[in-house]
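Engineer: Submitted below is the structure of interest, expressed as structure tokens.
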Amino acid sequence: MIGPDAVDLLITGGSVVDGSGAPAHPGTVSCLDGRLHLADPGWRPAQSARVIDATDMVVAPGFIDLHSHGGLVILADPRHEPKVRQGVTTEVVGVDGNGYAPFVRRDDLMAFVELNAGLDGRPDISYDWSSVASYIGRYDAGQAVNLAVMVGNSALRIGAIGWEDEPAVEGTLADMRAMLREALEEGAFGISSGLDYPPGSFASTDELASLTKEAARAGAFYHTHVRYGLGDRFLDPFREAIEIGRRGEGAVHLTHFYHRETHPGGPELLLGLVDEARAAGMDVTFDSYPSEWASTRLLIQLPQWMQAGGPAALRDRLADPAARRKVREELAARGAAYTAASGWADLRLGAFHRPENLGWESRTLAEVMRETGRDATDVICDLLLAEDLGVAQVTSGPWSETLPHFVRHPVGMVGTDSTFLGEKPSPRTYGSFPRILGQFVRDEQLLSLEEAVRKMTSAPAARLGLRSRGTLADGKAADLVVFDPSRVRSNATYEEPRRYPDGIEYVVVNGTLVIDGGEHTGALPGRALRRGRD
Ligand SMILES: [Zn+2]
């Protein structure tokens with residue numbers, strides 16, 4: 001067989017699972033100048049700078065994570081161990097409407113970082129970008145994985161309308177569409193929304209449909225954390241998302257799509273919405289994370305009117321007794337959001353920095369209430385004020401009984417929703433991909449290995465419009481994972497969420513080994529990916 005005479009990396013003896021869903025087959029995979037070459041098992045080049053014997057192991061394309069909160073923390077800690085040790089070679093950031101570009105005014109960028117500190121952190125880096133092009137360029141300096149950036153609709157709203165809860169009008173909508181068009185030309189992969197997170201959550205269905213239409217004209221898609229509080233709080237939020245795609249004539253991707261034990265109906269009702277829309281000709285896909293633990297910023301517990309006007313206005317209201325009274329009434333009526341029936345006892349706090357609060361790390365809100373003799377409203381408001389808004393929460397999330405329906409569904413992919421803050425983040429941050437390969441594929445045989453790998457590689461690449469990655473084929477970018485299918489497993493649990501998985505032996509990013517024999521090499525070959533060019 002014809003091939004290069006000399007290669008940088010030669011992987012022999014492995015079972016090749018190429019990401020397309022095709023059956024595994026023996027083969028030789030090599031990398032030269034960051035590109036792949038596939039060959040028969042017996043093929044050998046004259047020279048190989050490095051040879052890996054992958055006997056009894058699987059060689060697959062690197063995994064693509066459709067939902068990560070690593071966008072800022074990776075600039076401070078580019079080794080990104082929790083993710084690359086899972087086999088992730090590309091992750092999507094700028095999700096939940098919370099992207100960090102474009103921001104014309106630096107004050108707005110810094111205010112936005114503060115507002116979202118309980119979710120994405122507030123690392124000590126120079127926030128020195130404004131356009132999407134300049135922001136994306138920061139990832140060309142190198143980190144463990146490649147980054148694909150979404151434009152958050154919050155950034156567009158802040159730029160065109162401001163921080164208040166005001167409807168878009170013709171002029172401001174045109175401004176948002178122009179900013180989005182430019183961002184997509186500069187390499188962003190689509191538009192994201194997070195309809196629990198102001199100010200993006202102040203957008204109407206029509207406004208989001210209009211942005212989706214703009215994205216669709218460029219061949220890009222709408223990635224959404226839906227408006228969970230809408231209507232029946234079960235199916236209606238997803239109906240709105242699909243309606244946005246229908247009116248906007250564009251593709252819709254439902255992120256962290258899952259079923260809770262407390263939902264009034266079964267998972268087939270949720271998945272039925274996707275199947276129904278697809279049967280009607282729409283392009284609707286989703287991702288899920290395989291973990292029972294959800295996580296976001298504590299701020300999500302407060303009504304959205306508190307957050308209108310941005311973080312300075314929010315801090316004023318947190319300290320204002322009249323505002324607290326109003327919050328107290330609303331919380332009494334509504335209870336804790338995104339928790340199990342046990343409410344505040346199901347909400348674990350984290351990511352504290354102030355010495356006086358460190359004792360609350362990983363404790364429940366109910367415990368803090370009991371030990372301080374204050375109610376939920378005062379505890380939440382006081383902690384947010386003391387911590388400059390940067391408090392995280394972990395609550396129960398997907399129901400383990402119904403999670404397999406989502407993992408197995410043909411248009412389901414993986415979005416880890418990885419968060420990196422606090423002593424005990426959700427175990428999804430360290431264990432998502434290995435848990436699927438170990439538990440759902442090997443132990444429970446819920447889906448084939450080839451199908452699972454397809455859902456982790458070529459399917460998300462197709463969703464993103466990423467042509468250079470997602471399958472093992474000649475000339476593709478050399479993003480690879482080599483794992484032991486008999487040993488791969490997640491070790492991350494609620495009690496010990498920061499444990500690395502077993503069985504992920506080698507991870508190659510752009511032709512360079514980042515994980516070698518299960519250990520991080522320190523190499524930082526990842527870079528920014530750009531829509532239309534990668
Ligand atoms: Zn998220």
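Letters A, B, ... mark the chains of the structure tokens in the order given; residue numbers begin at 1 per chain; ligand numbers begin at 1, in order shown.
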Please extract the residues of range 277-332 of chain A with a backbone DSSP assignment of strand (DSSP E or B) and present them as a VMD selection string.

Structural biologist: chain A and resid 284 to 288 293 to 297

Engineer: Quick one: write out the picked residues with N, CA, C and O atoms as a PDB file, in the first residue's frame?

Structural biologist:
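Saved result, selection.pdb, follows:
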ATOM      1  N   VAL A 284     -33.439  18.465  13.882  1.00  0.00           N
ATOM      2  CA  VAL A 284     -33.386  18.634  15.341  1.00  0.00           C
ATOM      3  C   VAL A 284     -32.510  17.529  15.924  1.00  0.00           C
ATOM      4  O   VAL A 284     -32.713  16.349  15.611  1.00  0.00           O
ATOM      5  N   THR A 285     -31.536  17.912  16.715  1.00  0.00           N
ATOM      6  CA  THR A 285     -30.631  16.952  17.368  1.00  0.00           C
ATOM      7  C   THR A 285     -30.507  17.351  18.833  1.00  0.00           C
ATOM      8  O   THR A 285     -31.046  18.381  19.255  1.00  0.00           O
ATOM      9  N   PHE A 286     -29.778  16.549  19.608  1.00  0.00           N
ATOM     10  CA  PHE A 286     -29.586  16.916  21.020  1.00  0.00           C
ATOM     11  C   PHE A 286     -28.320  16.290  21.577  1.00  0.00           C
ATOM     12  O   PHE A 286     -27.745  15.388  20.976  1.00  0.00           O
ATOM     13  N   ASP A 287     -27.916  16.813  22.732  1.00  0.00           N
ATOM     14  CA  ASP A 287     -26.867  16.150  23.503  1.00  0.00           C
ATOM     15  C   ASP A 287     -27.367  15.937  24.914  1.00  0.00           C
ATOM     16  O   ASP A 287     -28.313  16.590  25.370  1.00  0.00           O
ATOM     17  N   SER A 288     -26.739  14.982  25.594  1.00  0.00           N
ATOM     18  CA  SER A 288     -27.057  14.683  26.987  1.00  0.00           C
ATOM     19  C   SER A 288     -25.747  14.400  27.700  1.00  0.00           C
ATOM     20  O   SER A 288     -24.762  14.038  27.067  1.00  0.00           O
ATOM     21  N   TRP A 293     -26.063  14.151  38.236  1.00  0.00           N
ATOM     22  CA  TRP A 293     -25.858  15.417  38.944  1.00  0.00           C
ATOM     23  C   TRP A 293     -25.762  16.583  37.981  1.00  0.00           C
ATOM     24  O   TRP A 293     -24.887  16.618  37.115  1.00  0.00           O
ATOM     25  N   ALA A 294     -26.660  17.541  38.149  1.00  0.00           N
ATOM     26  CA  ALA A 294     -26.654  18.776  37.362  1.00  0.00           C
ATOM     27  C   ALA A 294     -25.846  19.836  38.111  1.00  0.00           C
ATOM     28  O   ALA A 294     -25.581  19.693  39.302  1.00  0.00           O
ATOM     29  N   SER A 295     -25.475  20.888  37.406  1.00  0.00           N
ATOM     30  CA  SER A 295     -24.762  21.977  38.064  1.00  0.00           C
ATOM     31  C   SER A 295     -24.905  23.258  37.271  1.00  0.00           C
ATOM     32  O   SER A 295     -24.954  23.238  36.042  1.00  0.00           O
ATOM     33  N   THR A 296     -24.998  24.359  38.002  1.00  0.00           N
ATOM     34  CA  THR A 296     -24.975  25.669  37.347  1.00  0.00           C
ATOM     35  C   THR A 296     -24.643  26.726  38.403  1.00  0.00           C
ATOM     36  O   THR A 296     -24.145  26.378  39.476  1.00  0.00           O
ATOM     37  N   ARG A 297     -24.912  27.988  38.087  1.00  0.00           N
ATOM     38  CA  ARG A 297     -24.622  29.040  39.069  1.00  0.00           C
ATOM     39  C   ARG A 297     -25.807  29.175  40.034  1.00  0.00           C
ATOM     40  O   ARG A 297     -26.964  29.015  39.636  1.00  0.00           O
TER      41      ARG A 297
END

Engineer: As a list in words, please: every protein or nucleic acid residue near ligand 1 (cut-off 8 Å, counting only C-alpha atoms and all ligand atoms).

Structural biologist: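 Result of the 8 Å neighbour search around ligand 1: His67, Ser68, His69, Val95, Asp96, Leu119, His225, His256, Ser295, Thr296, Asp417, Ser418 and Thr419 of chain A.
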
Engineer: How would the residues just picked look written out with N, CA and C atoms as a compact mmCIF listing (two decimals), in the first residue's frame?

Structural biologist:
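That gives us part_34.txt:
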# COMPACT_ATOMS: atom_id res chain seq x y z
N HIS A 67 -20.84 20.59 24.76
CA HIS A 67 -21.24 21.57 25.79
C HIS A 67 -20.18 21.59 26.88
N SER A 68 -19.37 22.63 26.90
CA SER A 68 -18.35 22.76 27.94
C SER A 68 -18.35 24.16 28.53
N HIS A 69 -18.07 24.23 29.83
CA HIS A 69 -17.90 25.53 30.50
C HIS A 69 -16.42 25.82 30.71
N VAL A 95 -21.67 28.28 25.23
CA VAL A 95 -22.98 27.64 25.28
C VAL A 95 -23.88 28.36 26.28
N ASP A 96 -25.16 27.98 26.30
CA ASP A 96 -26.14 28.56 27.24
C ASP A 96 -26.33 30.06 27.02
N LEU A 119 -20.67 29.94 37.16
CA LEU A 119 -20.80 28.86 36.18
C LEU A 119 -19.48 28.62 35.44
N HIS A 225 -30.14 25.94 25.51
CA HIS A 225 -30.61 25.62 26.86
C HIS A 225 -31.98 26.28 26.92
N HIS A 256 -28.10 19.53 26.85
CA HIS A 256 -28.43 18.82 28.10
C HIS A 256 -29.91 18.45 28.16
N SER A 295 -25.48 20.89 37.41
CA SER A 295 -24.76 21.98 38.06
C SER A 295 -24.90 23.26 37.27
N THR A 296 -25.00 24.36 38.00
CA THR A 296 -24.97 25.67 37.35
C THR A 296 -24.64 26.73 38.40
N ASP A 417 -21.41 19.25 29.60
CA ASP A 417 -21.79 20.37 30.47
C ASP A 417 -20.78 20.49 31.61
N SER A 418 -19.53 20.23 31.30
CA SER A 418 -18.50 20.20 32.33
C SER A 418 -18.30 21.57 32.95
N THR A 419 -18.29 21.58 34.28
CA THR A 419 -18.03 22.79 35.06
C THR A 419 -16.81 22.49 35.93

Engineer: Considering only C-alpha atoms, return as JSON, numbers by chain whatever protein or nucleic-acid residues lie within 12 Å of Ala39 in chain A, sequence-local ones (same chain, fewer than 6 positions apart) excluded.

Structural biologist: {"A": [1, 2, 3, 4, 10, 11, 12, 13, 14, 16, 25, 26, 27, 28, 29, 30, 31, 45, 472, 473, 474]}

Engineer: Could the residues in this selection be saved with N, CA and C atoms as a PDB file, in the first residue's frame?

Structural biologist:
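Dumped everything to selection_24.pdb:
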ATOM      1  N   MET A   1       0.838  -1.205   0.000  1.00  0.00           N
ATOM      2  CA  MET A   1       0.000   0.000   0.000  1.00  0.00           C
ATOM      3  C   MET A   1       0.876   1.259   0.000  1.00  0.00           C
ATOM      4  N   ILE A   2       0.452   2.248  -0.778  1.00  0.00           N
ATOM      5  CA  ILE A   2       1.195   3.509  -0.849  1.00  0.00           C
ATOM      6  C   ILE A   2       0.942   4.296   0.428  1.00  0.00           C
ATOM      7  N   GLY A   3       1.960   4.931   0.921  1.00  0.00           N
ATOM      8  CA  GLY A   3       1.800   5.768   2.095  1.00  0.00           C
ATOM      9  C   GLY A   3       3.074   6.552   2.269  1.00  0.00           C
ATOM     10  N   PRO A   4       3.107   7.414   3.252  1.00  0.00           N
ATOM     11  CA  PRO A   4       4.333   8.187   3.468  1.00  0.00           C
ATOM     12  C   PRO A   4       5.501   7.273   3.871  1.00  0.00           C
ATOM     13  N   LEU A  10       3.045   6.138  14.662  1.00  0.00           N
ATOM     14  CA  LEU A  10       2.487   4.933  14.040  1.00  0.00           C
ATOM     15  C   LEU A  10       1.758   4.134  15.115  1.00  0.00           C
ATOM     16  N   ILE A  11       0.503   3.801  14.857  1.00  0.00           N
ATOM     17  CA  ILE A  11      -0.301   3.053  15.832  1.00  0.00           C
ATOM     18  C   ILE A  11      -0.669   1.727  15.184  1.00  0.00           C
ATOM     19  N   THR A  12      -0.116   0.657  15.718  1.00  0.00           N
ATOM     20  CA  THR A  12      -0.290  -0.665  15.093  1.00  0.00           C
ATOM     21  C   THR A  12      -1.112  -1.588  15.988  1.00  0.00           C
ATOM     22  N   GLY A  13      -1.716  -2.587  15.356  1.00  0.00           N
ATOM     23  CA  GLY A  13      -2.343  -3.678  16.110  1.00  0.00           C
ATOM     24  C   GLY A  13      -3.703  -3.357  16.706  1.00  0.00           C
ATOM     25  N   GLY A  14      -4.194  -2.146  16.490  1.00  0.00           N
ATOM     26  CA  GLY A  14      -5.454  -1.751  17.120  1.00  0.00           C
ATOM     27  C   GLY A  14      -6.671  -2.122  16.299  1.00  0.00           C
ATOM     28  N   VAL A  16      -9.734  -0.563  14.632  1.00  0.00           N
ATOM     29  CA  VAL A  16     -10.073   0.780  14.170  1.00  0.00           C
ATOM     30  C   VAL A  16     -11.593   0.970  14.168  1.00  0.00           C
ATOM     31  N   HIS A  25     -12.491  -2.704  12.561  1.00  0.00           N
ATOM     32  CA  HIS A  25     -11.656  -3.585  11.745  1.00  0.00           C
ATOM     33  C   HIS A  25     -10.204  -3.351  12.116  1.00  0.00           C
ATOM     34  N   PRO A  26      -9.350  -4.367  11.905  1.00  0.00           N
ATOM     35  CA  PRO A  26      -7.936  -4.172  12.216  1.00  0.00           C
ATOM     36  C   PRO A  26      -7.317  -3.194  11.233  1.00  0.00           C
ATOM     37  N   GLY A  27      -6.378  -2.394  11.674  1.00  0.00           N
ATOM     38  CA  GLY A  27      -5.753  -1.446  10.757  1.00  0.00           C
ATOM     39  C   GLY A  27      -4.592  -0.737  11.420  1.00  0.00           C
ATOM     40  N   THR A  28      -3.843  -0.031  10.585  1.00  0.00           N
ATOM     41  CA  THR A  28      -2.716   0.763  11.057  1.00  0.00           C
ATOM     42  C   THR A  28      -3.075   2.228  10.841  1.00  0.00           C
ATOM     43  N   VAL A  29      -2.870   3.022  11.868  1.00  0.00           N
ATOM     44  CA  VAL A  29      -3.186   4.452  11.779  1.00  0.00           C
ATOM     45  C   VAL A  29      -1.888   5.221  12.010  1.00  0.00           C
ATOM     46  N   SER A  30      -1.598   6.147  11.122  1.00  0.00           N
ATOM     47  CA  SER A  30      -0.393   6.945  11.332  1.00  0.00           C
ATOM     48  C   SER A  30      -0.705   8.430  11.185  1.00  0.00           C
ATOM     49  N   CYS A  31       0.205   9.236  11.722  1.00  0.00           N
ATOM     50  CA  CYS A  31       0.059  10.690  11.671  1.00  0.00           C
ATOM     51  C   CYS A  31       1.323  11.288  11.077  1.00  0.00           C
ATOM     52  N   PRO A  45       5.719   2.135   7.507  1.00  0.00           N
ATOM     53  CA  PRO A  45       6.556   3.102   6.790  1.00  0.00           C
ATOM     54  C   PRO A  45       8.025   2.778   7.046  1.00  0.00           C
ATOM     55  N   LEU A 472     -11.964   8.780  11.083  1.00  0.00           N
ATOM     56  CA  LEU A 472     -10.588   8.417  10.747  1.00  0.00           C
ATOM     57  C   LEU A 472     -10.543   8.169   9.247  1.00  0.00           C
ATOM     58  N   ALA A 473      -9.891   9.057   8.533  1.00  0.00           N
ATOM     59  CA  ALA A 473      -9.761   8.911   7.079  1.00  0.00           C
ATOM     60  C   ALA A 473      -8.520   9.669   6.646  1.00  0.00           C
ATOM     61  N   ASP A 474      -7.970   9.272   5.537  1.00  0.00           N
ATOM     62  CA  ASP A 474      -6.759   9.922   5.027  1.00  0.00           C
ATOM     63  C   ASP A 474      -6.964  11.428   4.904  1.00  0.00           C
TER      64      ASP A 474
END

Engineer: Near Thr89 in chain A, within 7 Å and counting only C-alpha atoms, which residues show up once chain neighbours fewer than 3 positions away are dropped, as a ChimeraX atom specification?

Structural biologist: /A:62-64,84,145-146,479,509

Engineer: Dump all heavy atoms for the selected residues as a CSV table (one decimal), in the first residue's frame?

Structural biologist:
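And here is the file that came out, part-v2.csv:
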chain,number,residue,atom,x,y,z
A,62,GLY,N,-10.8,11.4,18.0
A,62,GLY,CA,-11.0,12.1,19.3
A,62,GLY,C,-12.4,12.5,19.5
A,62,GLY,O,-13.2,12.8,18.6
A,63,PHE,N,-12.8,12.5,20.8
A,63,PHE,CA,-14.2,12.8,21.1
A,63,PHE,C,-14.5,14.3,21.0
A,63,PHE,O,-13.7,15.1,21.4
A,63,PHE,CB,-14.6,12.3,22.5
A,63,PHE,CG,-14.3,10.8,22.6
A,63,PHE,CD1,-13.9,10.3,23.8
A,63,PHE,CD2,-14.5,9.9,21.5
A,63,PHE,CE1,-13.7,8.9,23.9
A,63,PHE,CE2,-14.3,8.6,21.6
A,63,PHE,CZ,-13.8,8.0,22.9
A,64,ILE,N,-15.7,14.6,20.6
A,64,ILE,CA,-16.2,16.0,20.5
A,64,ILE,C,-17.3,16.3,21.5
A,64,ILE,O,-18.3,15.6,21.5
A,64,ILE,CB,-16.6,16.3,19.1
A,64,ILE,CG1,-15.5,16.1,18.1
A,64,ILE,CG2,-17.2,17.8,19.0
A,64,ILE,CD1,-15.9,16.2,16.6
A,84,VAL,N,-9.3,16.2,28.6
A,84,VAL,CA,-8.4,15.4,27.6
A,84,VAL,C,-8.2,14.0,28.1
A,84,VAL,O,-8.1,13.1,27.4
A,84,VAL,CB,-7.1,16.2,27.4
A,84,VAL,CG1,-6.2,16.2,28.5
A,84,VAL,CG2,-6.5,15.7,26.1
A,145,VAL,N,-6.8,20.8,24.2
A,145,VAL,CA,-7.8,20.4,23.2
A,145,VAL,C,-8.1,21.6,22.2
A,145,VAL,O,-7.7,22.7,22.5
A,145,VAL,CB,-9.1,20.0,23.9
A,145,VAL,CG1,-8.9,18.9,24.9
A,145,VAL,CG2,-9.8,21.2,24.6
A,146,ASN,N,-8.8,21.2,21.2
A,146,ASN,CA,-9.3,22.3,20.2
A,146,ASN,C,-10.6,22.9,20.8
A,146,ASN,O,-11.4,22.2,21.5
A,146,ASN,CB,-9.6,21.6,18.9
A,146,ASN,CG,-8.4,21.0,18.3
A,146,ASN,OD1,-7.3,21.6,18.2
A,146,ASN,ND2,-8.5,19.7,17.8
A,479,ASP,N,-6.7,13.9,15.3
A,479,ASP,CA,-7.2,13.9,16.6
A,479,ASP,C,-7.7,12.5,16.9
A,479,ASP,O,-8.6,12.0,16.2
A,479,ASP,CB,-8.4,14.8,16.7
A,479,ASP,CG,-8.1,16.3,16.7
A,479,ASP,OD1,-6.9,16.6,16.7
A,479,ASP,OD2,-9.0,17.1,16.6
A,509,VAL,N,-3.8,15.1,19.7
A,509,VAL,CA,-4.5,16.3,19.3
A,509,VAL,C,-3.6,16.9,18.2
A,509,VAL,O,-2.4,17.2,18.4
A,509,VAL,CB,-4.8,17.2,20.4
A,509,VAL,CG1,-5.4,18.5,19.9
A,509,VAL,CG2,-5.7,16.6,21.5

Engineer: Trp399 in chain A: which residues within 8 Å, counting only C-alpha atoms, same-chain residues fewer than 5 positions away excluded, as a ChimeraX atom specification?

Structural biologist: /A:258-261,292

Engineer: Put those residues in a file: N, CA and C atoms, as a PDB file, in the first residue's frame.

Structural biologist:
ATOM      1  N   TYR A 258     -32.668  15.865  28.916  1.00  0.00           N
ATOM      2  CA  TYR A 258     -32.801  14.694  29.793  1.00  0.00           C
ATOM      3  C   TYR A 258     -34.137  14.691  30.493  1.00  0.00           C
ATOM      4  N   HIS A 259     -34.409  13.616  31.187  1.00  0.00           N
ATOM      5  CA  HIS A 259     -35.667  13.428  31.894  1.00  0.00           C
ATOM      6  C   HIS A 259     -35.390  13.350  33.393  1.00  0.00           C
ATOM      7  N   ARG A 260     -36.173  14.107  34.164  1.00  0.00           N
ATOM      8  CA  ARG A 260     -36.051  14.090  35.623  1.00  0.00           C
ATOM      9  C   ARG A 260     -37.080  13.149  36.228  1.00  0.00           C
ATOM     10  N   GLU A 261     -36.722  12.611  37.364  1.00  0.00           N
ATOM     11  CA  GLU A 261     -37.650  11.729  38.072  1.00  0.00           C
ATOM     12  C   GLU A 261     -38.951  12.454  38.414  1.00  0.00           C
ATOM     13  N   GLU A 292     -26.072  11.766  37.018  1.00  0.00           N
ATOM     14  CA  GLU A 292     -27.278  12.085  37.776  1.00  0.00           C
ATOM     15  C   GLU A 292     -27.191  13.457  38.424  1.00  0.00           C
TER      16      GLU A 292
END

Engineer: Excluding Val58 in chain A and any residue of its chain fewer than 6 positions from it, enumerate the residues within 7 Å of it, using only C-alpha atoms, and give them as JSON, numbers by chain.

Structural biologist: {"A": [14, 15, 16, 17, 482, 483, 484, 485]}

Engineer: Store the residues of this selection in a file with C-alpha atoms, as a compact mmCIF listing (two decimals), in the first residue's frame.

Structural biologist:
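That gives us part06.txt:
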# COMPACT_ATOMS: atom_id res chain seq x y z
CA GLY A 14 -5.45 -1.75 17.12
CA SER A 15 -9.09 -2.22 16.29
CA VAL A 16 -10.07 0.78 14.17
CA VAL A 17 -13.47 2.28 14.98
CA VAL A 482 -6.71 4.95 21.93
CA PHE A 483 -8.57 3.15 24.71
CA ASP A 484 -8.84 -0.28 26.23
CA PRO A 485 -12.47 -1.39 25.75

Engineer: What lies within 12 Å of Arg233 in chain A using only C-alpha atoms, ignoring chain neighbours under 2 positions off, as a VMD selection string?

Structural biologist: chain A and resid 226 to 231 235 to 240 259 to 260 262 to 265 270 337 to 338

Engineer: DSSP on the backbone: what in range 115-150 of chain A comes out alpha helix (DSSP H), as number ranges by chain?

Structural biologist: A: 115, 117-120, 132-138

Engineer: Between CA of Cys381 in chain A and CA of Ala319 in chain A, measure the distance and give it in Å to one decimal.

Structural biologist: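 Between CA of Cys381 in chain A and CA of Ala319 in chain A the gap works out to 7.4 Å.
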
Engineer: CA of Pro410 in chain A and CA of Glu444 in chain A are how many Å apart?

Structural biologist: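 We find that CA of Pro410 in chain A and CA of Glu444 in chain A lie 17.5 Å from each other.
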
Engineer: Ranking A:Ala76, A:Ala336, A:Ala60, A:Met456 by minimum distance to Ser126 in chain A and counting only C-alpha atoms, which one comes first?

Structural biologist: A:Ala76

Engineer: Quick one: of A:Leu147, A:Ala459, A:Val488, A:Ile74, who's nearest to Pro61 in chain A, counting only C-alpha atoms?

Structural biologist: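 Counting only C-alpha atoms, the residue closest to Pro61 in chain A is A:Ala459.
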
Engineer: Which of these, A:Ser291, A:Ser192, A:Thr90, A:Ser130, has the shortest distance to Gln439 in chain A once you count only C-alpha atoms?

Structural biologist: A:Ser291

Engineer: How many Å lie between CA of Ile161 in chain A and CA of Ser204 in chain A, rounded to one decimal?

Structural biologist: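 Between these atoms lies a distance of 13.3 Å.
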